[in-house]
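Data block for data13.cif (mmCIF, C-alpha atoms):
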data_work
loop_
_atom_site.label_atom_id
_atom_site.label_comp_id
_atom_site.auth_asym_id
_atom_site.auth_seq_id
_atom_site.Cartn_x
_atom_site.Cartn_y
_atom_site.Cartn_z
CA MET I 176 73.19 62.55 109.13
CA LEU I 177 70.78 64.68 107.10
CA GLY I 178 68.37 61.77 107.37
CA VAL I 179 67.18 63.19 110.70
CA VAL I 180 65.99 66.27 108.78
CA VAL I 181 64.08 64.14 106.26
CA ARG I 182 62.47 61.95 108.91
CA ASN I 183 61.39 64.78 111.23
CA PRO I 184 59.51 67.70 109.57
CA ARG I 185 59.35 69.72 112.81
CA PHE I 186 63.07 69.41 113.32
CA ARG I 187 63.55 70.45 109.68
CA THR I 188 61.76 73.75 110.37
CA LEU I 189 63.72 74.39 113.56
CA TRP I 190 66.96 73.51 111.78
CA SER I 191 66.18 75.81 108.83
CA ALA I 192 65.67 78.74 111.19
CA GLN I 193 68.99 77.92 112.84
CA VAL I 194 70.77 77.90 109.47
CA VAL I 195 69.56 81.40 108.62
CA SER I 196 70.00 83.15 111.95
CA SER I 197 73.34 81.51 112.79
CA ALA I 198 74.90 82.71 109.54
CA GLY I 199 73.80 86.25 110.37
CA ASP I 200 75.12 85.96 113.92
CA TRP I 201 78.63 85.28 112.67
CA LEU I 202 78.50 88.03 110.08
CA ASN I 203 77.58 90.26 113.01
CA ARG I 204 80.42 88.95 115.18
CA VAL I 205 83.09 89.70 112.59
CA ALA I 206 81.65 93.18 112.00
CA VAL I 207 81.61 93.96 115.74
CA LEU I 208 85.21 92.81 116.25
CA THR I 209 86.34 94.78 113.21
CA LEU I 210 84.52 97.86 114.49
CA ILE I 211 86.13 97.57 117.93
CA GLY I 212 89.58 97.32 116.35
CA GLU I 213 88.85 100.26 114.06
CA LEU I 214 87.43 102.57 116.73
CA SER I 215 89.96 101.67 119.43
CA GLY I 216 93.10 102.38 117.41
CA PRO I 217 96.63 101.57 118.60
CA ARG I 218 96.44 103.98 121.55
CA ALA I 219 93.22 102.81 123.16
CA ALA I 220 92.73 103.86 126.78
CA ALA I 221 92.28 100.21 127.69
CA GLY I 222 94.61 97.61 126.19
CA VAL I 223 93.33 95.96 123.04
CA GLY I 224 93.29 92.61 124.83
CA MET I 225 90.89 93.91 127.45
CA LEU I 226 88.67 95.53 124.80
CA PHE I 227 88.28 92.20 123.04
CA GLY I 228 87.95 90.45 126.40
CA ALA I 229 85.14 92.83 127.34
CA GLU I 230 83.40 92.05 124.05
CA LEU I 231 83.43 88.33 124.85
CA ALA I 232 82.37 88.87 128.46
CA LEU I 233 79.48 91.12 127.43
CA ARG I 234 78.34 88.56 124.89
CA LEU I 235 78.28 85.85 127.54
CA THR I 236 77.53 87.43 130.92
CA PRO I 237 73.95 88.51 130.08
CA THR I 238 73.07 84.86 129.63
CA ALA I 239 74.14 84.25 133.22
CA VAL I 240 71.93 87.09 134.42
CA MET I 241 68.94 86.15 132.24
CA GLY I 242 69.32 82.38 132.61
CA PRO I 243 67.33 82.17 135.87
CA LEU I 244 64.42 83.80 134.00
CA ALA I 245 64.88 82.19 130.58
CA GLY I 246 64.90 78.61 131.85
CA PRO I 247 61.64 78.83 133.82
CA LEU I 248 59.96 80.67 130.94
CA ALA I 249 61.01 77.94 128.50
CA ASP I 250 59.50 75.32 130.82
CA ARG I 251 56.15 77.14 131.18
CA LEU I 252 55.38 79.33 128.14
CA PRO I 253 54.85 78.23 124.53
CA ARG I 254 58.36 77.74 123.19
CA ARG I 255 57.49 78.73 119.63
CA ALA I 256 56.12 82.10 120.79
CA LEU I 257 59.25 82.74 122.85
CA MET I 258 61.53 82.07 119.89
CA VAL I 259 59.55 84.28 117.48
CA ALA I 260 59.38 87.15 119.99
CA ALA I 261 63.12 86.90 120.61
CA ASP I 262 63.84 87.09 116.87
CA VAL I 263 61.71 90.21 116.48
CA LEU I 264 63.41 91.94 119.40
CA ARG I 265 66.88 91.02 118.13
CA THR I 266 66.05 92.51 114.73
CA ALA I 267 65.36 95.88 116.36
CA ILE I 268 68.49 95.71 118.53
CA VAL I 269 70.83 94.87 115.67
CA LEU I 270 69.53 97.81 113.64
CA CYS I 271 70.67 100.09 116.47
CA PHE I 272 74.29 99.05 115.82
CA LEU I 273 74.11 101.34 112.79
CA PHE I 274 74.36 104.37 115.10
CA VAL I 275 77.81 103.39 116.46
CA ASP I 276 80.49 105.09 114.36
CA ARG I 277 82.79 107.06 116.71
CA PRO I 278 85.32 106.02 119.37
CA ASP I 279 83.33 107.73 122.11
CA GLU I 280 80.35 105.53 121.22
CA LEU I 281 82.04 102.22 122.00
CA TRP I 282 80.01 102.15 125.23
CA MET I 283 76.86 102.07 123.07
CA LEU I 284 78.16 99.07 121.14
CA TYR I 285 78.79 97.20 124.37
CA ALA I 286 75.34 98.14 125.71
CA LEU I 287 73.68 96.84 122.55
CA LEU I 288 75.65 93.60 122.87
CA VAL I 289 74.23 93.15 126.36
CA ALA I 290 70.69 93.68 125.06
CA GLN I 291 71.18 91.34 122.09
CA MET I 292 72.61 88.54 124.23
CA SER I 293 69.98 88.96 126.95
CA VAL I 294 67.24 88.30 124.42
CA GLY I 295 69.32 85.57 122.80
CA ILE I 296 69.40 83.38 125.91
CA VAL I 297 65.59 83.33 125.97
CA PHE I 298 65.65 82.10 122.37
CA GLU I 299 68.35 79.49 123.05
CA SER I 300 66.62 78.15 126.17
CA ALA I 301 63.36 77.73 124.28
CA LYS I 302 65.12 76.16 121.27
CA SER I 303 67.12 73.73 123.40
CA ALA I 304 64.02 72.71 125.35
CA ALA I 305 61.99 72.31 122.15
CA LEU I 306 64.51 70.30 120.14
CA PRO I 307 63.84 66.89 121.79
CA ASP I 308 60.13 67.39 120.97
CA THR I 309 60.91 67.64 117.25
CA VAL I 310 62.60 64.23 116.93
CA GLY I 311 62.17 60.69 118.16
CA GLU I 312 64.30 59.51 121.07
CA HIS I 313 66.48 57.39 118.77
CA ASP I 314 67.23 60.49 116.67
CA LEU I 315 68.16 62.82 119.56
CA HIS I 316 71.95 62.37 119.50
CA GLU I 317 71.96 62.62 115.71
CA ALA I 318 69.85 65.79 115.84
CA LEU I 319 72.15 67.34 118.43
CA THR I 320 75.18 66.40 116.35
CA LEU I 321 73.62 67.93 113.22
CA SER I 322 72.61 71.04 115.17
CA ALA I 323 76.19 71.49 116.37
CA ALA I 324 77.55 70.77 112.90
CA THR I 325 75.14 73.33 111.42
CA TRP I 326 76.16 75.93 113.98
CA SER I 327 79.74 75.21 113.00
CA ALA I 328 79.04 75.35 109.28
CA MET I 329 77.27 78.67 109.67
CA LEU I 330 80.16 79.91 111.82
CA THR I 331 82.50 78.92 109.00
CA ILE I 332 80.38 80.42 106.24
CA GLY I 333 79.27 83.47 108.21
CA ALA I 334 82.74 84.33 109.50
CA PHE I 335 84.30 83.75 106.08
CA ALA I 336 81.64 85.87 104.41
CA GLY I 337 81.98 88.52 107.10
CA GLY I 338 85.71 88.75 106.49
CA LEU I 339 85.05 89.23 102.78
CA LEU I 340 81.93 91.43 102.90
CA VAL I 341 83.03 93.88 105.59
CA VAL I 342 85.16 95.64 102.93
CA PRO I 343 82.59 96.25 100.15
CA LEU I 344 79.55 96.56 102.45
CA GLY I 345 81.17 98.05 105.53
CA VAL I 346 80.13 97.07 109.03
CA ASP I 347 76.76 98.80 108.59
CA GLY I 348 75.93 96.62 105.61
CA VAL I 349 76.80 93.51 107.55
CA PHE I 350 74.53 94.59 110.43
CA LEU I 351 71.65 95.04 107.97
CA VAL I 352 72.15 91.50 106.66
CA ASP I 353 72.14 90.17 110.23
CA ALA I 354 68.86 91.93 111.00
CA GLY I 355 67.35 90.34 107.90
CA THR I 356 68.32 86.86 109.06
CA TYR I 357 66.35 87.31 112.30
CA VAL I 358 63.28 88.29 110.26
CA VAL I 359 63.55 85.15 108.11
CA SER I 360 64.07 82.99 111.22
CA ALA I 361 60.93 84.42 112.84
CA LEU I 362 58.87 83.72 109.72
CA LEU I 363 60.05 80.11 109.65
CA LEU I 364 59.42 79.49 113.34
CA ALA I 365 55.95 81.05 113.23
CA ARG I 366 54.71 77.89 111.46
CA LEU I 367 56.55 75.35 113.65
CA PRO I 368 54.10 72.93 115.33
CA LEU I 369 55.19 72.00 118.85
CA PRO I 370 53.40 70.02 121.55
CA PRO I 371 52.12 71.96 124.56
CA VAL I 372 54.65 72.62 127.29
CA PRO I 373 54.30 69.86 129.93
CA ALA I 374 52.17 70.83 132.92
CA HIS I 375 54.43 72.20 135.60
CA PRO I 376 53.97 71.24 139.27
CA GLU I 377 54.96 74.73 140.50
CA ARG I 378 53.47 77.98 139.24
CA PHE I 379 55.76 80.74 138.00
CA ARG I 380 56.68 83.32 140.64
CA TRP I 381 59.10 86.22 140.29
CA ARG I 382 60.33 85.57 143.81
CA ASP I 383 61.46 82.13 142.70
CA VAL I 384 63.36 83.69 139.78
CA LEU I 385 65.08 86.30 141.95
CA THR I 386 66.09 83.70 144.51
CA ALA I 387 67.03 81.18 141.77
CA LYS I 388 64.56 78.73 143.28
CA ASP I 389 63.60 77.33 139.89
CA LEU I 390 67.24 76.79 138.97
CA ARG I 391 67.80 75.07 142.29
CA ARG I 392 64.91 72.74 141.49
CA GLY I 393 66.59 71.92 138.20
CA LEU I 394 69.89 71.29 139.99
CA ALA I 395 68.14 69.02 142.49
CA HIS I 396 66.76 67.00 139.58
CA VAL I 397 70.27 66.62 138.13
CA ARG I 398 71.60 65.59 141.55
CA GLU I 399 68.95 62.87 141.72
CA LEU I 400 70.28 61.60 138.40
CA ARG I 401 73.85 61.92 139.74
CA LEU I 402 74.96 63.82 136.64
CA VAL I 403 76.20 67.09 138.15
CA PRO I 404 79.79 66.79 136.82
CA VAL I 405 78.41 65.96 133.37
CA LEU I 406 76.12 68.99 133.38
CA PHE I 407 79.00 71.32 134.26
CA THR I 408 81.47 69.89 131.72
CA LYS I 409 81.54 73.18 129.81
CA GLY I 410 82.63 74.94 132.97
CA PHE I 411 85.82 72.85 132.91
CA TRP I 412 86.32 74.01 129.30
CA TRP I 413 86.56 77.64 130.48
CA PRO I 414 90.08 78.32 129.03
CA ALA I 415 88.26 78.40 125.68
CA GLY I 416 87.10 81.90 126.63
CA GLY I 417 90.73 82.99 126.64
CA PHE I 418 91.42 81.24 123.35
CA LEU I 419 88.50 83.03 121.66
CA VAL I 420 89.82 86.41 122.78
CA MET I 421 93.22 85.50 121.40
CA LEU I 422 91.70 84.79 117.99
CA SER I 423 90.64 88.45 117.85
CA VAL I 424 94.00 89.62 119.20
CA VAL I 425 95.95 87.53 116.68
CA GLY I 426 93.74 88.72 113.83
CA ARG I 427 94.54 92.33 114.69
CA GLU I 428 98.08 92.20 116.04
CA ARG I 429 99.73 89.47 113.97
CA PHE I 430 97.80 89.48 110.69
CA GLY I 431 96.19 92.94 110.64
CA ALA I 432 97.93 96.17 109.64
CA VAL I 433 98.10 99.10 112.08
CA GLU I 434 99.64 102.42 111.14
CA ALA I 435 102.56 103.39 113.35
CA GLY I 436 101.29 106.79 114.29
CA GLY I 437 97.55 106.88 114.05
CA ALA I 438 94.26 105.06 113.98
CA LEU I 439 93.69 101.83 112.13
CA ALA I 440 93.99 102.56 108.41
CA ALA I 441 91.34 101.50 105.94
CA SER I 442 93.66 98.78 104.64
CA GLY I 443 94.50 97.75 108.19
CA SER I 444 90.83 97.49 109.05
CA ALA I 445 90.25 95.30 105.99
CA ALA I 446 93.23 93.08 106.87
CA THR I 447 92.06 92.75 110.45
CA GLY I 448 88.51 91.93 109.39
CA PHE I 449 89.70 89.37 106.86
CA ALA I 450 92.13 87.65 109.24
CA THR I 451 89.61 87.60 112.10
CA GLY I 452 86.97 86.18 109.79
CA MET I 453 89.31 83.44 108.58
CA LEU I 454 90.31 82.44 112.12
CA PHE I 455 86.69 82.22 113.25
CA ALA I 456 85.81 80.36 110.05
CA ALA I 457 88.54 77.83 110.89
CA ARG I 458 87.01 77.49 114.33
CA GLY I 459 83.68 76.71 112.66
CA LEU I 460 85.22 74.10 110.38
CA GLY I 461 86.76 72.25 113.29
CA THR I 462 83.60 72.58 115.36
CA GLY I 463 81.57 70.97 112.62
CA LEU I 464 83.91 68.04 112.04
CA GLY I 465 84.70 67.13 115.64
CA PRO I 466 81.39 65.62 116.84
CA ILE I 467 80.83 63.81 113.53
CA VAL I 468 84.23 62.12 113.64
CA ALA I 469 83.95 61.36 117.37
CA ARG I 470 80.49 59.80 117.07
CA ALA I 471 81.48 57.68 114.07
CA ALA I 472 84.72 56.49 115.66
CA MET I 473 83.69 56.04 119.28
CA GLY I 474 79.91 55.54 119.48
CA SER I 475 77.26 57.25 121.58
CA ARG I 476 76.84 55.26 124.80
CA ASP I 477 77.47 57.20 128.00
CA GLU I 478 80.86 55.51 128.37
CA ASP I 479 81.70 56.47 124.77
CA LEU I 480 80.71 60.07 125.41
CA ARG I 481 83.01 60.25 128.42
CA ARG I 482 85.97 59.03 126.36
CA GLN I 483 85.14 61.55 123.65
CA ILE I 484 85.19 64.40 126.16
CA VAL I 485 88.56 63.42 127.65
CA LEU I 486 90.09 63.15 124.19
CA GLY I 487 88.49 66.46 123.22
CA PHE I 488 90.29 68.27 126.05
CA LEU I 489 93.65 66.88 124.93
CA VAL I 490 93.14 67.69 121.24
CA ALA I 491 92.06 71.27 122.06
CA ALA I 492 95.12 71.90 124.23
CA GLY I 493 97.48 70.49 121.59
CA GLY I 494 95.91 72.48 118.76
CA TYR I 495 96.15 75.80 120.56
CA ALA I 496 99.70 75.11 121.74
CA LEU I 497 100.74 74.93 118.08
CA PHE I 498 98.56 77.90 117.10
CA ALA I 499 100.50 80.11 119.54
CA THR I 500 103.53 80.50 117.26
CA ALA I 501 101.95 79.99 113.83
CA GLY I 502 103.48 82.66 111.60
CA GLU I 503 101.22 82.28 108.57
CA LEU I 504 97.46 82.81 108.52
CA TRP I 505 96.84 79.45 106.84
CA SER I 506 98.76 77.53 109.51
CA ALA I 507 97.11 79.46 112.32
CA CYS I 508 93.72 78.57 110.82
CA ALA I 509 94.69 74.92 110.52
CA TRP I 510 95.60 74.61 114.20
CA VAL I 511 92.48 76.49 115.27
CA ALA I 512 90.41 73.98 113.29
CA VAL I 513 92.16 71.07 115.00
CA ALA I 514 91.70 72.60 118.45
CA HIS I 515 87.98 73.12 117.95
CA MET I 516 87.45 69.60 116.69
CA GLY I 517 88.28 68.74 120.29
CA GLY I 518 86.29 71.59 121.77
CA SER I 519 83.09 70.81 119.87
CA THR I 520 83.37 67.16 120.83
CA ILE I 521 83.38 68.25 124.48
CA TRP I 522 80.35 70.43 123.80
CA VAL I 523 78.13 67.98 121.96
CA ALA I 524 79.00 64.87 123.96
CA SER I 525 78.29 66.54 127.31
CA THR I 526 74.97 67.97 126.09
CA ALA I 527 73.85 64.64 124.60
CA TRP I 528 74.78 62.87 127.84
CA TRP I 529 72.61 64.95 130.16
CA GLN I 530 69.75 65.54 127.69
CA ARG I 531 69.08 61.83 127.28
CA HIS I 532 68.46 61.50 131.03
CA VAL I 533 66.85 64.80 132.16
CA GLY I 534 63.03 64.93 132.28
CA GLY I 535 61.18 67.08 129.75
CA ALA I 536 59.69 69.37 132.39
CA TYR I 537 63.20 70.34 133.55
CA ARG I 538 65.13 70.74 130.31
CA GLY I 539 64.81 74.53 130.09
CA ARG I 540 66.13 75.08 133.60
CA VAL I 541 68.89 72.50 133.28
CA TYR I 542 70.01 74.11 130.03
CA ALA I 543 70.03 77.47 131.83
CA LEU I 544 72.21 75.98 134.58
CA GLU I 545 74.66 74.59 132.04
CA PHE I 546 74.78 77.90 130.19
CA LEU I 547 75.18 79.82 133.47
CA ALA I 548 78.32 77.87 134.35
CA MET I 549 79.69 78.15 130.83
CA THR I 550 79.10 81.88 130.45
CA LEU I 551 80.56 82.86 133.81
CA THR I 552 83.67 80.74 133.34
CA PHE I 553 84.19 81.69 129.68
CA SER I 554 83.79 85.39 130.53
CA ALA I 555 86.38 85.10 133.27
CA GLY I 556 88.70 83.25 130.91
CA GLY I 557 88.34 85.93 128.25
CA LEU I 558 89.08 88.78 130.63
CA LEU I 559 92.05 86.92 132.13
CA ALA I 560 93.51 86.27 128.70
CA GLY I 561 93.01 89.90 127.65
CA GLY I 562 94.70 91.14 130.80
CA LEU I 563 97.56 88.65 130.50
CA PHE I 564 98.21 89.66 126.89
CA ASP I 565 98.13 93.37 127.74
CA GLY I 566 100.56 92.72 130.58
CA THR I 567 102.99 90.53 128.66
CA SER I 568 102.47 91.72 125.05
CA SER I 569 103.12 88.08 124.13
CA ILE I 570 100.64 85.98 122.19
CA ALA I 571 102.61 82.77 122.77
CA THR I 572 102.93 83.25 126.54
CA THR I 573 99.22 83.92 126.92
CA VAL I 574 98.07 80.98 124.78
CA TRP I 575 100.52 78.49 126.32
CA ALA I 576 99.48 79.50 129.84
CA PHE I 577 95.87 78.72 128.97
CA CYS I 578 96.84 75.41 127.36
CA ALA I 579 98.51 74.37 130.61
CA VAL I 580 95.40 75.31 132.60
CA LEU I 581 93.22 73.34 130.16
CA LEU I 582 95.24 70.18 130.79
CA VAL I 583 94.68 70.62 134.52
CA MET I 584 90.93 71.04 133.88
CA ALA I 585 90.93 67.85 131.79
CA GLY I 586 92.44 65.87 134.64
CA ALA I 587 90.00 67.36 137.15
CA TRP I 588 86.97 66.53 134.97
CA ALA I 589 88.16 62.97 134.37
CA TRP I 590 88.53 62.47 138.13
CA CYS I 591 85.07 63.94 138.89
CA THR I 592 83.36 61.65 136.36
CA ARG I 593 85.40 58.53 137.05
CA ASP I 594 82.42 56.55 138.42
CA VAL I 595 79.41 58.19 136.73
CA VAL I 596 79.19 55.59 133.95
CA THR I 597 79.78 52.78 136.44
CA ARG I 598 76.83 53.93 138.53
CA GLU I 599 74.59 54.12 135.46
CA GLU I 600 75.60 50.69 134.23
CA ALA I 601 74.90 49.29 137.66
CA GLY I 602 71.32 50.62 137.47
CA THR I 603 71.62 53.15 140.26
CA PRO I 604 68.14 54.33 141.37
CA GLY I 605 67.25 57.71 139.97
CA VAL I 606 69.07 57.21 136.67
CA PRO I 607 66.66 56.39 133.83
#
I need this file expressed as structure tokens, please.
Amino acid sequence: MLGVVVRNPRFRTLWSAQVVSSAGDWLNRVAVLTLIGELSGPRAAAGVGMLFGAELALRLTPTAVMGPLAGPLADRLPRRALMVAADVLRTAIVLCFLFVDRPDELWMLYALLVAQMSVGIVFESAKSAALPDTVGEHDLHEALTLSAATWSAMLTIGAFAGGLLVVPLGVDGVFLVDAGTYVVSALLLARLPLPPVPAHPERFRWRDVLTAKDLRRGLAHVRELRLVPVLFTKGFWWPAGGFLVMLSVVGRERFGAVEAGGALAASGSAATGFATGMLFAARGLGTGLGPIVARAAMGSRDEDLRRQIVLGFLVAAGGYALFATAGELWSACAWVAVAHMGGSTIWVASTAWWQRHVGGAYRGRVYALEFLAMTLTFSAGGLLAGGLFDGTSSIATTVWAFCAVLLVMAGAWAWCTRDVVTREEAGTPGVP
């Protein structure tokens, strides 16, 4: 699979920047979750589930708000310049995390998350739109698979390292490392040659952004291709938002150490950070393996991708059902890895499916539409899981409830896409 890196020098540069910044992102994520657990303590005004749910929602929701702007920008402005500017801004934002060190400053942490993620969606829209221009058409699925596997590997390495380094370096040290990764990414991308953005038939207007006119144009293009249910596959995967919140909850409540009468102890903070890092690292391991195994075993035709997605839903539900009662950290990590082999297969297969058909002038906006659906649904799932856990105080009840919902979503998606491949194979007009 690394052959796509050797054959495509431009993709190699884009991929290298992803390696560096993604590792820092996951160091940052572990540090933020550890800091929330440390500053909230066992008697937080809001339940710990909702605090972690808010963290997930505030990481995701800004992308929904900024998506209508990020997509049109990625389709009209130089994509390299957008990515470099986003890296520089994120460096400055991450350095501001150093000022959060008291419980009454948790609001500042959440505000900085909003700023970081708002800039991040501009970067991701530009990167997603640029990726097909760095490889040949025959290498696209392989490049997407490698990109997902790299994201997963960096999640594994970054989360594992975060769990280990948060003790000797502290959360401030981890934030400094994350800021440095954005600097390195910007330096790499500054020399990335990309073709000019395709001429756009409509000029950019703020009124179109505010009324989502550009996004509606992108949706109309997808409707012409008759791929709407494929584009919104990640919206059906929304229970994953609840599962991600429960990783943080389990890391703190089941495998962390909280003093009976006070704030999180230093040892408890270390245990929480380590356990949370290991669980997210397991997620990364599964995420990296899933698309590779699925592509090798099932192929990459549209019909193959649909079968991969259906199987991915089932594997994810089964993995998390067993995670719910895992009493040892190693077994919990194992089931998380299995679950996210399924989840990443859903992710990569659905993206490869629509990207191979959508026109280059629309990719930024279509990516923004996909991300809009994913972020809104994942955010809702995270908040629902946090509230359900706070109401029931039961990890198993919360996780099993979301597994049941995921099976319903799997059936609904399979029904919605039952004739998409048939239409394509029949040569329906409008489908390339």
- Message: Considering only C-alpha atoms, can you say which of I:Pro370, I:Gly333, I:Gly426, I:Gly459 comes closest to Ala507 in chain I?
- Response: I:Gly426
- Message: From the options I:Leu270, I:Ala509, I:Leu402, I:Ala198, which residue's atoms come nearest to Val541 in chain I, counting all atoms listed in the file?
- Response: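 Of I:Leu270, I:Ala509, I:Leu402, I:Ala198, the one nearest Val541 in chain I, counting all atoms listed in the file, is I:Leu402.
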- Message: Can you pull out the residues contacting range 346-357 of chain I? Cut-off 8 Å, using only C-alpha atoms, and skip same-chain residues under 4 positions away; I want them as a list in words.
- Response: Val195, Ser196, Ala198, Gly199, Asp200, Leu202, Asn203, Ala206, Val207, Thr209, Leu210, Asp262, Val263, Arg265, Thr266, Ala267, Val269, Leu270, Phe272, Leu273, Gly337, Leu340, Val341 and Ala361 of chain I
- Query: Distance CA of Pro237 in chain I-CA of Gly393 in chain I, one decimal place?
  - Reply: 19.9 Å
- Task: Take CA of Leu464 in chain I and CA of Ser519 in chain I and report the distance between them in Å, one decimal.
- Result: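 CA of Ser519 in chain I lies 8.3 Å from CA of Leu464 in chain I.
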- Query: Could you name the residues that touch Leu369 in chain I at 12 Å or less, counting all atoms listed in the file, but leaving out those on the same chain fewer than 4 positions away, as a list of chain:residue names?
  - Reply: I:Pro184, I:Arg185, I:Phe186, I:Thr188, I:Leu189, I:Leu252, I:Pro253, I:Arg254, I:Arg255, I:Ala256, I:Met258, I:Ala301, I:Lys302, I:Ala304, I:Ala305, I:Leu306, I:Pro307, I:Asp308, I:Thr309, I:Val310, I:Leu364, I:Ala365, I:Pro373
- Item | Residue nearest Gly461 in chain I among I:Arg429, I:Arg277, I:His515, I:Arg481 (counting all atoms listed in the file) |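 With all atoms listed in the file as the atom set, the closest residue is I:His515.
Of the listed residues (I:Arg476, I:Arg234, I:His396, I:Arg204), I:Arg234 comes nearest to Gly557 in chain I; the distances count all atoms listed in the file.
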- I:Gly224, I:Pro243, I:Pro414, I:Gly448 ranked by distance to Ser554 in chain I, top pick (using all atoms listed in the file):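 Using all atoms listed in the file, Ser554 in chain I sits closest to I:Pro414.
Here CA of Leu235 in chain I and CA of Glu428 in chain I stand 23.8 Å from one another.
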On this file, the PyMOL selection byres ((chain I and resi 290) around 12) gives some set of residues; write that set as a PDB file with C-alpha atoms, in the coordinates of the input.
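In the end it all went to result24.pdb:
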ATOM      1  CA  LEU I 233      79.480  91.120 127.430  1.00  0.00           C
ATOM      2  CA  ARG I 234      78.340  88.560 124.890  1.00  0.00           C
ATOM      3  CA  LEU I 235      78.280  85.850 127.540  1.00  0.00           C
ATOM      4  CA  THR I 236      77.530  87.430 130.920  1.00  0.00           C
ATOM      5  CA  PRO I 237      73.950  88.510 130.080  1.00  0.00           C
ATOM      6  CA  THR I 238      73.070  84.860 129.630  1.00  0.00           C
ATOM      7  CA  VAL I 240      71.930  87.090 134.420  1.00  0.00           C
ATOM      8  CA  MET I 241      68.940  86.150 132.240  1.00  0.00           C
ATOM      9  CA  ALA I 261      63.120  86.900 120.610  1.00  0.00           C
ATOM     10  CA  LEU I 264      63.410  91.940 119.400  1.00  0.00           C
ATOM     11  CA  ARG I 265      66.880  91.020 118.130  1.00  0.00           C
ATOM     12  CA  THR I 266      66.050  92.510 114.730  1.00  0.00           C
ATOM     13  CA  ALA I 267      65.360  95.880 116.360  1.00  0.00           C
ATOM     14  CA  ILE I 268      68.490  95.710 118.530  1.00  0.00           C
ATOM     15  CA  VAL I 269      70.830  94.870 115.670  1.00  0.00           C
ATOM     16  CA  CYS I 271      70.670 100.090 116.470  1.00  0.00           C
ATOM     17  CA  PHE I 272      74.290  99.050 115.820  1.00  0.00           C
ATOM     18  CA  MET I 283      76.860 102.070 123.070  1.00  0.00           C
ATOM     19  CA  LEU I 284      78.160  99.070 121.140  1.00  0.00           C
ATOM     20  CA  TYR I 285      78.790  97.200 124.370  1.00  0.00           C
ATOM     21  CA  ALA I 286      75.340  98.140 125.710  1.00  0.00           C
ATOM     22  CA  LEU I 287      73.680  96.840 122.550  1.00  0.00           C
ATOM     23  CA  LEU I 288      75.650  93.600 122.870  1.00  0.00           C
ATOM     24  CA  VAL I 289      74.230  93.150 126.360  1.00  0.00           C
ATOM     25  CA  GLN I 291      71.180  91.340 122.090  1.00  0.00           C
ATOM     26  CA  MET I 292      72.610  88.540 124.230  1.00  0.00           C
ATOM     27  CA  SER I 293      69.980  88.960 126.950  1.00  0.00           C
ATOM     28  CA  VAL I 294      67.240  88.300 124.420  1.00  0.00           C
ATOM     29  CA  GLY I 295      69.320  85.570 122.800  1.00  0.00           C
ATOM     30  CA  ILE I 296      69.400  83.380 125.910  1.00  0.00           C
ATOM     31  CA  VAL I 297      65.590  83.330 125.970  1.00  0.00           C
TER      32      VAL I 297
END
- Message: So that I can check the surroundings of Met549 in chain I, please list as a ChimeraX atom specification every protein, DNA and RNA residue that reaches within 12 Å of it, counting all atoms listed in the file and ignoring chain neighbours fewer than 5 positions away.
- Response: /I:232,235-239,242,406-416,522,542-544,554-557
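Distances to Ala548 in chain I were evaluated for I:Pro404, I:Gly566, I:Ala469, I:Ala589 using only C-alpha atoms, and the minimum falls at I:Pro404.
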- Item | Shell of 6 Å around Gly539 in chain I, only C-alpha atoms, local chain residues under 5 positions omitted, as a PyMOL selection string | chain I and resi 246+249-250+300+304
Export C-alpha atoms of the chosen residues as an mmCIF file, in the frame of the given file?
data_model
loop_
_atom_site.group_PDB
_atom_site.id
_atom_site.type_symbol
_atom_site.label_atom_id
_atom_site.label_comp_id
_atom_site.auth_asym_id
_atom_site.auth_seq_id
_atom_site.Cartn_x
_atom_site.Cartn_y
_atom_site.Cartn_z
ATOM 1 C CA GLY I 246 64.900 78.610 131.850
ATOM 2 C CA ALA I 249 61.010 77.940 128.500
ATOM 3 C CA ASP I 250 59.500 75.320 130.820
ATOM 4 C CA SER I 300 66.620 78.150 126.170
ATOM 5 C CA ALA I 304 64.020 72.710 125.350
#
- Apply the PyMOL selection byres ((chain I and resi 495) around 12) to the displayed file and report the matching residues as a PyMOL selection string. chain I and resi 414-415+417-419+421-422+458+488-494+496-501+506-518+570-579+581-582
- Write out as a PyMOL selection string which residues come within 12 Å of Ile211 in chain I when counting all atoms listed in the file, dropping same-chain ones fewer than 3 positions away. chain I and resi 204-208+214-217+219+221-231+275-285+346+423-424+427+438-439+444+447-448
- What do you get, as a PyMOL selection string, if you spell out every residue that the PyMOL selection byres ((chain I and resi 321) around 12) selects here? chain I and resi 176-180+186-187+189-191+193-194+306+314-320+322-329+462-467+470+519+523+527
